[in-house]
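What follows is the content of protein-v6.cif, which has mmCIF, C-alpha atoms, pLDDT in the B column; chains and numbers go by the auth columns:
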```cif
data_work
loop_
_atom_site.group_PDB
_atom_site.id
_atom_site.type_symbol
_atom_site.label_atom_id
_atom_site.label_comp_id
_atom_site.label_asym_id
_atom_site.label_seq_id
_atom_site.Cartn_x
_atom_site.Cartn_y
_atom_site.Cartn_z
_atom_site.B_iso_or_equiv
_atom_site.auth_seq_id
_atom_site.auth_asym_id
ATOM 1 C CA MET A 1 -9.560 -7.598 46.830 64.00 1 A
ATOM 2 C CA ALA A 2 -10.183 -3.863 46.748 69.00 2 A
ATOM 3 C CA ALA A 3 -6.476 -3.282 46.478 71.00 3 A
ATOM 4 C CA LEU A 4 -6.352 -5.676 43.544 71.00 4 A
ATOM 5 C CA LEU A 5 -9.140 -3.756 41.820 74.00 5 A
ATOM 6 C CA ASP A 6 -7.188 -0.555 42.297 77.00 6 A
ATOM 7 C CA PHE A 7 -4.324 -2.126 40.432 82.00 7 A
ATOM 8 C CA LEU A 8 -6.519 -3.623 37.726 85.00 8 A
ATOM 9 C CA ASP A 9 -5.772 -0.782 35.353 84.00 9 A
ATOM 10 C CA VAL A 10 -2.064 -1.185 35.884 87.00 10 A
ATOM 11 C CA ILE A 11 -2.234 -4.959 35.527 87.00 11 A
ATOM 12 C CA LEU A 12 -4.265 -4.677 32.324 88.00 12 A
ATOM 13 C CA PHE A 13 -1.840 -2.138 30.923 88.00 13 A
ATOM 14 C CA ALA A 14 1.157 -4.315 31.802 89.00 14 A
ATOM 15 C CA ALA A 15 -0.477 -7.386 30.279 89.00 15 A
ATOM 16 C CA LEU A 16 -1.289 -5.597 27.022 89.00 16 A
ATOM 17 C CA PHE A 17 2.149 -3.996 26.962 90.00 17 A
ATOM 18 C CA LEU A 18 3.904 -7.348 27.359 91.00 18 A
ATOM 19 C CA LEU A 19 1.542 -9.071 24.938 90.00 19 A
ATOM 20 C CA GLY A 20 2.238 -6.333 22.412 89.00 20 A
ATOM 21 C CA LEU A 21 5.952 -6.585 23.010 90.00 21 A
ATOM 22 C CA PHE A 22 6.257 -10.344 22.572 91.00 22 A
ATOM 23 C CA ALA A 23 3.472 -11.094 20.080 91.00 23 A
ATOM 24 C CA GLY A 24 4.305 -7.970 18.095 90.00 24 A
ATOM 25 C CA ARG A 25 7.975 -8.834 17.952 91.00 25 A
ATOM 26 C CA TRP A 26 7.188 -12.407 16.973 92.00 26 A
ATOM 27 C CA ASN A 27 4.820 -11.238 14.240 91.00 27 A
ATOM 28 C CA GLU A 28 7.387 -8.767 12.971 92.00 28 A
ATOM 29 C CA ARG A 29 10.162 -11.342 12.879 94.00 29 A
ATOM 30 C CA ARG A 30 7.952 -13.778 10.984 94.00 30 A
ATOM 31 C CA HIS A 31 6.913 -11.092 8.536 95.00 31 A
ATOM 32 C CA TYR A 32 10.523 -10.056 7.894 95.00 32 A
ATOM 33 C CA ALA A 33 11.507 -13.680 7.274 95.00 33 A
ATOM 34 C CA SER A 34 8.715 -13.974 4.710 95.00 34 A
ATOM 35 C CA ILE A 35 9.661 -10.643 3.107 95.00 35 A
ATOM 36 C CA ARG A 36 13.309 -11.659 2.724 95.00 36 A
ATOM 37 C CA ARG A 37 12.388 -15.039 1.243 95.00 37 A
ATOM 38 C CA ARG A 38 10.043 -13.517 -1.338 95.00 38 A
ATOM 39 C CA GLU A 39 12.463 -10.704 -2.147 94.00 39 A
ATOM 40 C CA LYS A 40 14.946 -13.370 -3.248 94.00 40 A
ATOM 41 C CA GLU A 41 12.281 -15.131 -5.313 93.00 41 A
ATOM 42 C CA LEU A 42 11.255 -11.944 -7.079 93.00 42 A
ATOM 43 C CA ALA A 43 14.739 -10.475 -7.447 92.00 43 A
ATOM 44 C CA GLY A 44 14.446 -11.081 -11.207 89.00 44 A
ATOM 45 C CA VAL A 45 11.806 -8.373 -11.584 90.00 45 A
ATOM 46 C CA LEU A 46 13.651 -5.053 -11.770 88.00 46 A
ATOM 47 C CA VAL A 47 12.066 -1.993 -10.259 90.00 47 A
ATOM 48 C CA PHE A 48 12.861 1.587 -11.340 87.00 48 A
ATOM 49 C CA SER A 49 11.577 4.950 -10.315 84.00 49 A
ATOM 50 C CA ASN A 50 12.711 6.270 -13.718 81.00 50 A
ATOM 51 C CA ARG A 51 9.911 7.734 -15.734 80.00 51 A
ATOM 52 C CA PHE A 52 10.734 5.736 -18.810 74.00 52 A
ATOM 53 C CA PRO A 53 12.120 2.288 -19.512 69.00 53 A
ATOM 54 C CA PRO A 54 15.719 2.271 -20.818 66.00 54 A
ATOM 55 C CA GLN A 55 14.495 1.647 -24.365 64.00 55 A
ATOM 56 C CA VAL A 56 11.225 3.136 -25.493 61.00 56 A
ATOM 57 C CA THR A 57 11.289 2.914 -29.287 65.00 57 A
ATOM 58 C CA VAL A 58 10.351 -0.756 -29.423 70.00 58 A
ATOM 59 C CA ARG A 59 6.765 -1.843 -29.095 76.00 59 A
ATOM 60 C CA VAL A 60 6.459 -3.789 -25.835 80.00 60 A
ATOM 61 C CA PRO A 61 3.416 -4.725 -23.789 84.00 61 A
ATOM 62 C CA THR A 62 2.811 -2.586 -20.698 89.00 62 A
ATOM 63 C CA HIS A 63 0.505 -3.073 -17.734 92.00 63 A
ATOM 64 C CA LEU A 64 -0.373 -0.909 -14.763 95.00 64 A
ATOM 65 C CA VAL A 65 0.571 -2.971 -11.705 96.00 65 A
ATOM 66 C CA SER A 66 0.104 -2.206 -8.042 96.00 66 A
ATOM 67 C CA GLY A 67 0.534 -3.738 -4.632 96.00 67 A
ATOM 68 C CA SER A 68 -0.673 -2.629 -1.248 96.00 68 A
ATOM 69 C CA ALA A 69 -0.584 -3.717 2.368 95.00 69 A
ATOM 70 C CA VAL A 70 -2.070 -2.422 5.596 93.00 70 A
ATOM 71 C CA ILE A 71 0.193 -3.181 8.544 94.00 71 A
ATOM 72 C CA SER A 72 -1.121 -2.719 12.061 91.00 72 A
ATOM 73 C CA ASP A 73 0.963 -1.479 14.940 87.00 73 A
ATOM 74 C CA ASP A 74 0.886 -3.304 18.269 88.00 74 A
ATOM 75 C CA TYR A 75 0.297 -2.182 21.822 88.00 75 A
ATOM 76 C CA PHE A 76 3.992 -1.980 22.613 89.00 76 A
ATOM 77 C CA LYS A 77 4.807 0.099 19.523 87.00 77 A
ATOM 78 C CA ASN A 78 1.894 2.373 20.299 84.00 78 A
ATOM 79 C CA VAL A 79 3.113 3.080 23.832 87.00 79 A
ATOM 80 C CA VAL A 80 6.708 3.611 22.734 86.00 80 A
ATOM 81 C CA ALA A 81 5.574 5.949 19.951 83.00 81 A
ATOM 82 C CA GLY A 82 3.519 7.883 22.480 82.00 82 A
ATOM 83 C CA LEU A 83 6.601 8.341 24.649 86.00 83 A
ATOM 84 C CA SER A 84 8.752 9.236 21.649 83.00 84 A
ATOM 85 C CA SER A 85 6.365 11.954 20.601 78.00 85 A
ATOM 86 C CA PHE A 86 6.892 13.429 24.047 82.00 86 A
ATOM 87 C CA PHE A 87 10.699 13.228 24.057 84.00 87 A
ATOM 88 C CA GLY A 88 11.202 13.621 20.321 82.00 88 A
ATOM 89 C CA GLY A 89 13.767 11.824 18.218 83.00 89 A
ATOM 90 C CA ARG A 90 13.602 8.659 16.187 85.00 90 A
ATOM 91 C CA VAL A 91 10.588 6.400 16.514 85.00 91 A
ATOM 92 C CA ARG A 92 12.245 3.111 15.656 86.00 92 A
ATOM 93 C CA THR A 93 9.175 1.024 16.389 86.00 93 A
ATOM 94 C CA TYR A 94 7.259 2.812 13.630 88.00 94 A
ATOM 95 C CA GLU A 95 10.188 2.850 11.214 91.00 95 A
ATOM 96 C CA SER A 96 10.051 -0.925 10.980 91.00 96 A
ATOM 97 C CA LEU A 97 6.280 -0.771 10.509 91.00 97 A
ATOM 98 C CA LEU A 98 6.617 1.464 7.455 94.00 98 A
ATOM 99 C CA ASP A 99 9.551 -0.554 6.159 95.00 99 A
ATOM 100 C CA ARG A 100 7.472 -3.735 6.305 95.00 100 A
ATOM 101 C CA ALA A 101 4.467 -2.138 4.625 96.00 101 A
ATOM 102 C CA ARG A 102 6.633 -0.697 1.863 96.00 102 A
ATOM 103 C CA ARG A 103 8.567 -3.889 1.151 96.00 103 A
ATOM 104 C CA GLU A 104 5.374 -5.955 1.260 97.00 104 A
ATOM 105 C CA SER A 105 3.637 -3.672 -1.240 97.00 105 A
ATOM 106 C CA VAL A 106 6.631 -3.770 -3.593 97.00 106 A
ATOM 107 C CA LEU A 107 6.620 -7.573 -3.401 97.00 107 A
ATOM 108 C CA ARG A 108 2.933 -7.733 -4.279 97.00 108 A
ATOM 109 C CA MET A 109 3.462 -5.337 -7.160 97.00 109 A
ATOM 110 C CA LYS A 110 6.378 -7.454 -8.410 96.00 110 A
ATOM 111 C CA ALA A 111 4.290 -10.625 -8.177 96.00 111 A
ATOM 112 C CA GLN A 112 1.659 -8.968 -10.370 95.00 112 A
ATOM 113 C CA ALA A 113 4.310 -7.936 -12.891 94.00 113 A
ATOM 114 C CA ARG A 114 5.666 -11.464 -12.997 93.00 114 A
ATOM 115 C CA ALA A 115 2.147 -12.817 -13.578 93.00 115 A
ATOM 116 C CA HIS A 116 2.073 -10.590 -16.686 91.00 116 A
ATOM 117 C CA GLY A 117 5.451 -11.971 -17.721 90.00 117 A
ATOM 118 C CA ALA A 118 7.115 -8.588 -17.328 90.00 118 A
ATOM 119 C CA ALA A 119 10.801 -8.215 -16.539 87.00 119 A
ATOM 120 C CA MET A 120 10.703 -4.743 -15.048 90.00 120 A
ATOM 121 C CA ILE A 121 8.534 -2.066 -13.538 93.00 121 A
ATOM 122 C CA VAL A 122 9.186 1.600 -14.264 92.00 122 A
ATOM 123 C CA ASN A 123 7.857 4.888 -12.921 93.00 123 A
ATOM 124 C CA VAL A 124 7.178 3.393 -9.500 95.00 124 A
ATOM 125 C CA LYS A 125 5.288 5.649 -7.107 95.00 125 A
ATOM 126 C CA PHE A 126 4.621 5.171 -3.433 96.00 126 A
ATOM 127 C CA GLN A 127 1.711 6.445 -1.458 94.00 127 A
ATOM 128 C CA THR A 128 1.400 6.156 2.313 93.00 128 A
ATOM 129 C CA PHE A 129 -1.884 6.469 4.133 91.00 129 A
ATOM 130 C CA ALA A 130 -2.332 6.423 7.918 87.00 130 A
ATOM 131 C CA ILE A 131 -5.447 4.555 8.985 83.00 131 A
ATOM 132 C CA GLY A 132 -7.095 5.773 12.159 74.00 132 A
ATOM 133 C CA GLY A 133 -5.174 9.002 12.081 58.00 133 A
ATOM 134 C CA ARG A 134 -5.017 11.030 15.239 58.00 134 A
ATOM 135 C CA SER A 135 -8.144 9.739 16.955 60.00 135 A
ATOM 136 C CA GLN A 136 -7.395 7.935 20.176 61.00 136 A
ATOM 137 C CA ASN A 137 -9.787 4.955 20.004 63.00 137 A
ATOM 138 C CA SER A 138 -9.652 3.893 16.394 70.00 138 A
ATOM 139 C CA VAL A 139 -7.604 1.129 14.870 73.00 139 A
ATOM 140 C CA LYS A 140 -4.113 2.256 13.927 82.00 140 A
ATOM 141 C CA GLY A 141 -2.253 1.056 10.918 88.00 141 A
ATOM 142 C CA VAL A 142 -0.458 2.247 7.858 91.00 142 A
ATOM 143 C CA GLU A 143 -1.286 1.504 4.247 93.00 143 A
ATOM 144 C CA VAL A 144 1.379 1.688 1.596 96.00 144 A
ATOM 145 C CA LEU A 145 0.445 1.533 -2.056 97.00 145 A
ATOM 146 C CA ALA A 146 3.128 0.961 -4.669 97.00 146 A
ATOM 147 C CA TYR A 147 2.285 1.231 -8.336 97.00 147 A
ATOM 148 C CA GLY A 148 4.066 1.464 -11.619 96.00 148 A
ATOM 149 C CA THR A 149 4.062 0.278 -15.196 94.00 149 A
ATOM 150 C CA ALA A 150 5.239 -3.255 -15.873 93.00 150 A
ATOM 151 C CA VAL A 151 7.143 -3.430 -19.128 89.00 151 A
ATOM 152 C CA GLY A 152 7.598 -6.648 -21.083 81.00 152 A
ATOM 153 C CA ALA A 153 11.103 -7.828 -21.788 67.00 153 A
ATOM 154 C CA VAL A 154 12.748 -5.716 -24.482 56.00 154 A
ATOM 155 C CA ALA A 155 14.473 -7.882 -27.067 49.00 155 A
ATOM 156 C CA ARG A 156 18.121 -6.840 -27.374 48.00 156 A
ATOM 157 C CA ALA A 157 19.130 -5.948 -30.908 41.00 157 A
ATOM 158 C CA MET B 1 -8.416 -0.223 -22.368 93.00 1 B
ATOM 159 C CA LEU B 2 -4.721 0.147 -21.709 94.00 2 B
ATOM 160 C CA LEU B 3 -3.741 1.709 -18.398 95.00 3 B
ATOM 161 C CA SER B 4 -0.276 3.020 -17.707 94.00 4 B
ATOM 162 C CA ASN B 5 1.332 5.510 -15.388 93.00 5 B
ATOM 163 C CA LEU B 6 3.846 6.411 -18.082 90.00 6 B
ATOM 164 C CA GLU B 7 3.297 9.447 -20.248 88.00 7 B
ATOM 165 C CA LEU B 8 3.696 7.395 -23.385 85.00 8 B
ATOM 166 C CA VAL B 9 3.419 3.826 -24.520 87.00 9 B
ATOM 167 C CA PRO B 10 6.641 2.336 -25.887 83.00 10 B
ATOM 168 C CA GLY B 11 6.469 2.032 -29.650 83.00 11 B
ATOM 169 C CA ARG B 12 2.946 3.440 -30.042 88.00 12 B
ATOM 170 C CA ARG B 13 1.971 6.939 -31.044 90.00 13 B
ATOM 171 C CA VAL B 14 -0.712 8.983 -29.320 92.00 14 B
ATOM 172 C CA LEU B 15 -3.168 10.110 -31.994 94.00 15 B
ATOM 173 C CA LYS B 16 -5.450 12.193 -29.831 93.00 16 B
ATOM 174 C CA HIS B 17 -5.568 13.586 -26.301 93.00 17 B
ATOM 175 C CA LEU B 18 -9.050 13.545 -24.798 95.00 18 B
ATOM 176 C CA GLY B 19 -8.285 15.211 -21.484 93.00 19 B
ATOM 177 C CA LEU B 20 -8.532 14.290 -17.844 96.00 20 B
ATOM 178 C CA VAL B 21 -10.648 11.362 -16.707 96.00 21 B
ATOM 179 C CA GLN B 22 -11.264 10.483 -13.091 96.00 22 B
ATOM 180 C CA GLY B 23 -13.039 8.081 -10.791 96.00 23 B
ATOM 181 C CA SER B 24 -13.498 8.059 -7.070 95.00 24 B
ATOM 182 C CA THR B 25 -15.246 6.215 -4.279 95.00 25 B
ATOM 183 C CA VAL B 26 -15.766 6.847 -0.575 93.00 26 B
ATOM 184 C CA ARG B 27 -15.769 3.727 1.563 88.00 27 B
ATOM 185 C CA ALA B 28 -16.383 3.144 5.233 84.00 28 B
ATOM 186 C CA LYS B 29 -15.207 0.116 7.166 77.00 29 B
ATOM 187 C CA HIS B 30 -17.816 -1.951 8.985 73.00 30 B
ATOM 188 C CA VAL B 31 -17.955 -2.666 12.674 70.00 31 B
ATOM 189 C CA GLY B 32 -17.241 -6.415 12.544 69.00 32 B
ATOM 190 C CA LYS B 33 -13.989 -5.849 10.714 70.00 33 B
ATOM 191 C CA ASP B 34 -13.113 -3.138 13.169 74.00 34 B
ATOM 192 C CA ILE B 35 -13.450 -5.353 16.232 78.00 35 B
ATOM 193 C CA PHE B 36 -11.108 -7.936 14.762 78.00 36 B
ATOM 194 C CA ALA B 37 -8.727 -5.217 13.644 79.00 37 B
ATOM 195 C CA GLY B 38 -8.821 -3.839 17.196 80.00 38 B
ATOM 196 C CA LEU B 39 -7.518 -7.163 18.462 82.00 39 B
ATOM 197 C CA LYS B 40 -4.861 -7.201 15.778 83.00 40 B
ATOM 198 C CA ASN B 41 -3.881 -3.760 16.983 84.00 41 B
ATOM 199 C CA ILE B 42 -2.583 -5.324 20.212 86.00 42 B
ATOM 200 C CA VAL B 43 -0.388 -8.007 18.664 87.00 43 B
ATOM 201 C CA GLY B 44 0.532 -6.398 15.333 88.00 44 B
ATOM 202 C CA GLY B 45 0.582 -7.881 11.847 88.00 45 B
ATOM 203 C CA GLU B 46 -1.224 -7.243 8.608 92.00 46 B
ATOM 204 C CA LEU B 47 -4.823 -6.023 8.684 90.00 47 B
ATOM 205 C CA LYS B 48 -5.951 -8.149 5.737 90.00 48 B
ATOM 206 C CA ALA B 49 -9.562 -6.930 5.866 88.00 49 B
ATOM 207 C CA TYR B 50 -8.321 -3.361 5.490 89.00 50 B
ATOM 208 C CA THR B 51 -5.906 -4.242 2.711 92.00 51 B
ATOM 209 C CA GLU B 52 -8.755 -5.873 0.795 91.00 52 B
ATOM 210 C CA LEU B 53 -11.162 -3.043 1.503 90.00 53 B
ATOM 211 C CA LEU B 54 -8.781 -0.443 0.140 92.00 54 B
ATOM 212 C CA GLN B 55 -7.888 -2.634 -2.824 93.00 55 B
ATOM 213 C CA GLU B 56 -11.561 -3.105 -3.740 93.00 56 B
ATOM 214 C CA SER B 57 -12.137 0.624 -3.454 94.00 57 B
ATOM 215 C CA ARG B 58 -9.170 1.289 -5.696 95.00 58 B
ATOM 216 C CA GLU B 59 -10.508 -1.140 -8.290 95.00 59 B
ATOM 217 C CA GLU B 60 -13.875 0.565 -8.183 96.00 60 B
ATOM 218 C CA ALA B 61 -12.360 4.018 -8.603 97.00 61 B
ATOM 219 C CA THR B 62 -10.301 2.683 -11.506 97.00 62 B
ATOM 220 C CA GLN B 63 -13.394 1.175 -13.139 97.00 63 B
ATOM 221 C CA ARG B 64 -15.220 4.497 -12.915 97.00 64 B
ATOM 222 C CA MET B 65 -12.267 6.231 -14.513 97.00 65 B
ATOM 223 C CA VAL B 66 -12.192 3.599 -17.274 97.00 66 B
ATOM 224 C CA ALA B 67 -15.932 4.034 -17.884 97.00 67 B
ATOM 225 C CA GLN B 68 -15.392 7.767 -18.327 96.00 68 B
ATOM 226 C CA ALA B 69 -12.546 7.179 -20.763 96.00 69 B
ATOM 227 C CA LYS B 70 -14.646 4.697 -22.753 96.00 70 B
ATOM 228 C CA ALA B 71 -17.464 7.206 -22.997 96.00 71 B
ATOM 229 C CA ALA B 72 -14.980 9.715 -24.389 95.00 72 B
ATOM 230 C CA GLY B 73 -13.875 7.212 -27.034 95.00 73 B
ATOM 231 C CA ALA B 74 -10.389 6.566 -25.652 96.00 74 B
ATOM 232 C CA ASN B 75 -8.526 3.281 -25.909 95.00 75 B
ATOM 233 C CA ALA B 76 -5.915 4.072 -23.247 96.00 76 B
ATOM 234 C CA ILE B 77 -5.395 6.106 -20.095 96.00 77 B
ATOM 235 C CA LEU B 78 -1.894 7.428 -19.517 95.00 78 B
ATOM 236 C CA ASN B 79 -0.161 8.954 -16.511 94.00 79 B
ATOM 237 C CA VAL B 80 -2.561 7.263 -14.099 96.00 80 B
ATOM 238 C CA ARG B 81 -2.261 8.377 -10.475 96.00 81 B
ATOM 239 C CA TYR B 82 -3.903 7.395 -7.223 96.00 82 B
ATOM 240 C CA ALA B 83 -4.704 9.458 -4.167 94.00 83 B
ATOM 241 C CA THR B 84 -6.186 8.488 -0.808 92.00 84 B
ATOM 242 C CA SER B 85 -7.578 10.837 1.767 90.00 85 B
ATOM 243 C CA SER B 86 -9.408 10.257 5.005 85.00 86 B
ATOM 244 C CA ILE B 87 -12.751 11.991 5.180 82.00 87 B
ATOM 245 C CA THR B 88 -13.698 11.139 8.770 77.00 88 B
ATOM 246 C CA ALA B 89 -12.217 8.679 11.271 72.00 89 B
ATOM 247 C CA GLY B 90 -14.042 5.749 9.642 73.00 90 B
ATOM 248 C CA ALA B 91 -14.108 6.571 5.955 83.00 91 B
ATOM 249 C CA ALA B 92 -11.594 7.114 3.187 87.00 92 B
ATOM 250 C CA GLU B 93 -11.819 8.427 -0.334 92.00 93 B
ATOM 251 C CA ILE B 94 -9.901 6.695 -3.076 94.00 94 B
ATOM 252 C CA PHE B 95 -9.320 8.745 -6.177 95.00 95 B
ATOM 253 C CA ALA B 96 -7.891 7.664 -9.527 97.00 96 B
ATOM 254 C CA TYR B 97 -7.120 10.005 -12.408 96.00 97 B
ATOM 255 C CA GLY B 98 -5.296 10.053 -15.697 96.00 98 B
ATOM 256 C CA THR B 99 -5.258 11.346 -19.258 96.00 99 B
ATOM 257 C CA ALA B 100 -7.536 9.642 -21.769 96.00 100 B
ATOM 258 C CA VAL B 101 -5.905 9.196 -25.176 96.00 101 B
ATOM 259 C CA VAL B 102 -6.394 7.435 -28.459 96.00 102 B
ATOM 260 C CA LEU B 103 -3.409 5.279 -29.380 93.00 103 B
ATOM 261 C CA GLU B 104 -2.628 4.148 -32.901 87.00 104 B
#
```
Rendering of file as structure tokens:
Amino acid sequence: MAALLDFLDVILFAALFLLGLFAGRWNERRHYASIRRREKELAGVLVFSNRFPPQVTVRVPTHLVSGSAVISDDYFKNVVAGLSSFFGGRVRTYESLLDRARRESVLRMKAQARAHGAAMIVNVKFQTFAIGGRSQNSVKGVEVLAYGTAVGAVARA
Amino acid sequence: MLLSNLELVPGRRVLKHLGLVQGSTVRAKHVGKDIFAGLKNIVGGELKAYTELLQESREEATQRMVAQAKAAGANAILNVRYATSSITAGAAEIFAYGTAVVLE
């Protein structure tokens, strides 16, 4: 019994690590499937980082649109990132986290543009914000905000 | 009030520039949300409570900016930008700013 208690820390760590690995991977796969499906749906809304729409002399309705998402990391990613920051190099587990947050925020922004009946979004800006930061005990996650100006369809002359 | 992060509005002239307007808010998360988010931190996924919290804060900052522009007599804010910064471990400041203008 005493021996078991000695190993409790290790067992707890292993359980959380495996839970993070499997549940995290499952969550990520499901999220990616949803992202890909909605990206196809919203493919009609064009997104540009250009400062101005291709044609600016015509009077068209514009709206400020934005989308944001906070994506949490999981126990597995956290441990791997901790190791990576020791050895250096790519932190693949966090790359996918940021990719998901960014694509999700773009999708939400596009959905808003579509609700306004807009065909494109110009001057798109991204902003990334780490929640929890460097403190050890707080919740870790990353927020990505995407915003831009939705421009109504320009009638071709 | 028209908001845009462009420097102009297609097809409409800017009659008057009224200068910089801004709005900000500092928000802290509450403990209940944090416990749930702590669980989510093990298995991953979206932290919806946090997404909403930040979105609400951003709306509030935007509203304060709009109120300032209204007081200045503007009918549009151009070149709108957002900034987020963490103040302490539990609180974040959301800041919105732009140029108040009068459009024709």
Selection: 12 Å around Arg103 of chain A, all atoms listed in the file, excl. self and same-chain fewer than 2 positions, as a ChimeraX atom specification: /A:31-39,42,67-71,96-101,105-110,126,143-146
Per residue of chain B within 9 Å of chain A, record the nearest atom pair and its distance in Å to one decimal, counting only C-alpha atoms, with rows in chain order and ascending residue number, as CSV.
```
residue,atom,partner,partner_atom,distance
B:Leu2,CA,A:His63,CA,7.3
B:Leu3,CA,A:Leu64,CA,5.6
B:Ser4,CA,A:Leu64,CA,4.9
B:Asn5,CA,A:Thr149,CA,5.9
B:Leu6,CA,A:Arg51,CA,6.6
B:Glu7,CA,A:Arg51,CA,8.2
B:Leu8,CA,A:Phe52,CA,8.6
B:Val9,CA,A:Thr62,CA,7.5
B:Pro10,CA,A:Val56,CA,4.7
B:Gly11,CA,A:Arg59,CA,3.9
B:Arg12,CA,A:Arg59,CA,6.6
B:Asp34,CA,A:Val139,CA,7.2
B:Ile35,CA,A:Val139,CA,8.8
B:Ala37,CA,A:Val139,CA,6.6
B:Gly38,CA,A:Val139,CA,5.6
B:Lys40,CA,A:Ser72,CA,6.9
B:Asn41,CA,A:Asp74,CA,5.0
B:Ile42,CA,A:Asp74,CA,4.5
B:Val43,CA,A:Gly24,CA,4.7
B:Gly44,CA,A:Asp74,CA,4.3
B:Gly45,CA,A:Ser72,CA,5.4
B:Glu46,CA,A:Ile71,CA,4.3
B:Leu47,CA,A:Val70,CA,5.5
B:Lys48,CA,A:Val70,CA,6.9
B:Ala49,CA,A:Val70,CA,8.7
B:Tyr50,CA,A:Val70,CA,6.3
B:Thr51,CA,A:Val70,CA,5.1
B:Glu52,CA,A:Ala69,CA,8.6
B:Leu54,CA,A:Ser68,CA,8.5
B:Gln55,CA,A:Ser68,CA,7.4
B:Val80,CA,A:Leu64,CA,8.5
B:Arg81,CA,A:Lys125,CA,8.7
B:Tyr82,CA,A:Gln127,CA,8.1
B:Ala83,CA,A:Gln127,CA,7.6
B:Thr84,CA,A:Phe129,CA,6.9
B:Ser85,CA,A:Phe129,CA,7.6
B:Ser86,CA,A:Ile131,CA,8.0
B:Ala89,CA,A:Gly132,CA,6.0
B:Gly90,CA,A:Gly132,CA,7.4
B:Ala92,CA,A:Ile131,CA,8.8
```
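Restricting the calculation to all atoms listed in the file, the smallest distance between Ala28 of chain B and any of B:Thr62, B:Gln68, B:Ser57, B:Asn75 is found for B:Ser57.
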What do you get, as an MDAnalysis selection string, if you spell out every residue that the PyMOL selection byres ((chain B and resi 100) around 7) selects here? chainID B and resid 17:21 69 74 76:78 98:99 101
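Note that the spacing between atom CA of Thr93 of chain A and atom CA of Asp9 of chain A amounts to 24.2 Å.
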Evaluate the PyMOL selection byres ((chain A and resi 118) around 8) on the structure here and hand back the selected residues as an MDAnalysis selection string. chainID A and resid 45 113:117 119:121 150:153
Report the residues retrieved by the PyMOL selection byres ((chain B and resi 103) around 6) from the displayed file, expressed as an mmCIF file with C-alpha atoms, keeping the file's coordinate frame.
```cif
data_model
loop_
_atom_site.group_PDB
_atom_site.id
_atom_site.type_symbol
_atom_site.label_atom_id
_atom_site.label_comp_id
_atom_site.auth_asym_id
_atom_site.auth_seq_id
_atom_site.Cartn_x
_atom_site.Cartn_y
_atom_site.Cartn_z
ATOM 1 C CA ARG B 13 1.971 6.939 -31.044
ATOM 2 C CA VAL B 14 -0.712 8.983 -29.320
ATOM 3 C CA LEU B 15 -3.168 10.110 -31.994
ATOM 4 C CA VAL B 102 -6.394 7.435 -28.459
ATOM 5 C CA GLU B 104 -2.628 4.148 -32.901
#
```
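Straight-line separation from atom CA of Arg58 of chain B to atom CA of His30 of chain B: 17.3 Å.
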